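> Mind having a look at this structure? Questions to follow.
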Amino acid sequence: MNVKIFDSELKVMNVLWREGDCTAKHISDVLACEVGWNMNTTYTLIKRCIKKGAIARREPNFMCHALIEKEEVQTAETDELINKIFDGSIDKLFSALLGRKELSDEQIERLKKIVRDSEGSENEGSEKD
């Protein structure tokens with residue numbers, strides 16, 4: 001992903017990802033309730049996202065459509081965090097996360113499953129027929 005989405009722009013994108021295509025007015029109404037923004041602030045951020053290629057605008061009614069997937073942004077932001085804060089080391093990230101607070105048994109099991117699933121997908125690619 002070549003588009004850098006800032007925190008304020010993410011609020012706009014989150015409305016689109018959560019609710020699907022909608023008008024700029026609807027996004028403005030939602031963010032007025034959730035964040036307290038006025039219409040001008042929201043429209044400015046929508047236009048910034050359009051300029052970046054993250055949102056497409058259609059008429060009538062200034063209909064907005066997300067051009068980038070939430071997962072793309074999550075991956076890019078995670079990669080940036082790992083590279084910037086943890087010297088590119090995923091294990092340092094996990095160590096920091098695990099050291100922050102006590103995890104429930106359910107959370108530990110979900111993490112173990114993620115690791116097992118990851119190991120399984122790596123082994124499938126390296127097996128010979």
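Labels for the structure tokens follow display order: chains A, B, ..., residues from 1 in each chain, ligands from 1.
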Just asking: which residues within region 4-123 of chain A are helix (DSSP H, G or I) according to DSSP, as a PyMOL selection string?

chain A and resi 7-19+24-34+39-52+70-85+90-100+105-123

> Taking 2 positions as the minimum chain separation for residues in the same chain, which residues sit within 9 Å of Glu9 (chain A) when counting only C-alpha atoms? Answer as a ChimeraX atom specification.

/A:5-7,11-14,42,45-46,48-49

> Which residues come within 8 Å of Met63 (chain A), counting only C-alpha atoms, excluding same-chain residues fewer than 6 positions away, as a list in words?

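Returned residues: Asp21, Cys22, Thr23, Ala24 and Arg57 of chain A.
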
> Next, write the just-selected residues to a file, as a CSV table (one decimal), in the first residue's frame, keeping C-alpha atoms as the atom set.


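The file below, part-v5.csv, is the result:
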chain,number,residue,atom,x,y,z
A,21,ASP,CA,-20.7,3.0,0.6
A,22,CYS,CA,-22.4,6.1,2.0
A,23,THR,CA,-22.8,9.8,1.4
A,24,ALA,CA,-20.3,12.3,2.8
A,57,ARG,CA,-16.5,10.0,-5.0

> Need to verify the contact set: Leu67 (chain A), 7 Å, only C-alpha atoms, exclusion of same-chain residues closer than 2 positions in sequence. Can you return it as a PyMOL selection string?

chain A and resi 53-56+65+69

> Extract the full set of strand (DSSP E) residues from region 53-125 of chain A according to DSSP on the backbone, and format it as a PyMOL selection string.

chain A and resi 55-58+63-66

> Atoms to include: C-alpha atoms. Write the selected residues as a compact mmCIF listing (two decimals), in the first residue's frame.


# COMPACT_ATOMS: atom_id res chain seq x y z
CA ILE A 55 -11.83 7.05 -1.38
CA ALA A 56 -13.72 7.39 -4.67
CA ARG A 57 -16.45 10.02 -4.98
CA ARG A 58 -19.55 9.36 -7.05
CA MET A 63 -21.40 9.10 -2.46
CA CYS A 64 -18.13 7.74 -1.00
CA HIS A 65 -16.57 4.34 -1.69
CA ALA A 66 -13.43 2.97 0.02

> When you draw a straight line from CA of Asp91 (chain A) to CA of Asp79 (chain A), how long is it in Å?

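Distance reported for this atom pair: 12.9 Å.
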
> List as a compact mmCIF listing (two decimals) with C-alpha atoms, in the first residue's frame the protein and nucleic acid residues near region 96-102 of chain A, meaning an atom at most 10 Å away when only C-alpha atoms are counted, but skip any in the same chain fewer than 6 places from it.


# COMPACT_ATOMS: atom_id res chain seq x y z
CA PHE A 86 10.96 -3.08 17.20
CA ILE A 90 8.23 -9.60 15.20
CA ILE A 108 -3.44 -17.48 25.12

> Using CA of Leu31 (chain A) and CA of Asn2 (chain A) as the two end points, give the distance in Å to one decimal.

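We find that CA of Leu31 (chain A) and CA of Asn2 (chain A) lie 25.7 Å from each other.
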
> Quick one: residues within 8 Å of Val30 (chain A), only C-alpha atoms counted, chain neighbours fewer than 4 positions away excluded, as a PyMOL selection string?

chain A and resi 15+26+34

> So that I have them on file, write out the residues from the current selection with N, CA and C atoms, as a short mmCIF file (atom, residue, chain, number, x, y, z; two decimals), in the first residue's frame.


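What landed in again_19.cif:
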data_model
loop_
_atom_site.label_atom_id
_atom_site.label_comp_id
_atom_site.auth_asym_id
_atom_site.auth_seq_id
_atom_site.Cartn_x
_atom_site.Cartn_y
_atom_site.Cartn_z
N VAL A 15 -15.66 4.47 9.12
CA VAL A 15 -17.10 4.56 8.85
C VAL A 15 -17.41 3.82 7.56
N HIS A 26 -23.65 11.44 5.47
CA HIS A 26 -23.81 10.38 6.47
C HIS A 26 -22.53 10.21 7.28
N GLU A 34 -19.78 10.45 16.99
CA GLU A 34 -18.70 9.65 17.57
C GLU A 34 -17.52 10.48 18.08
#
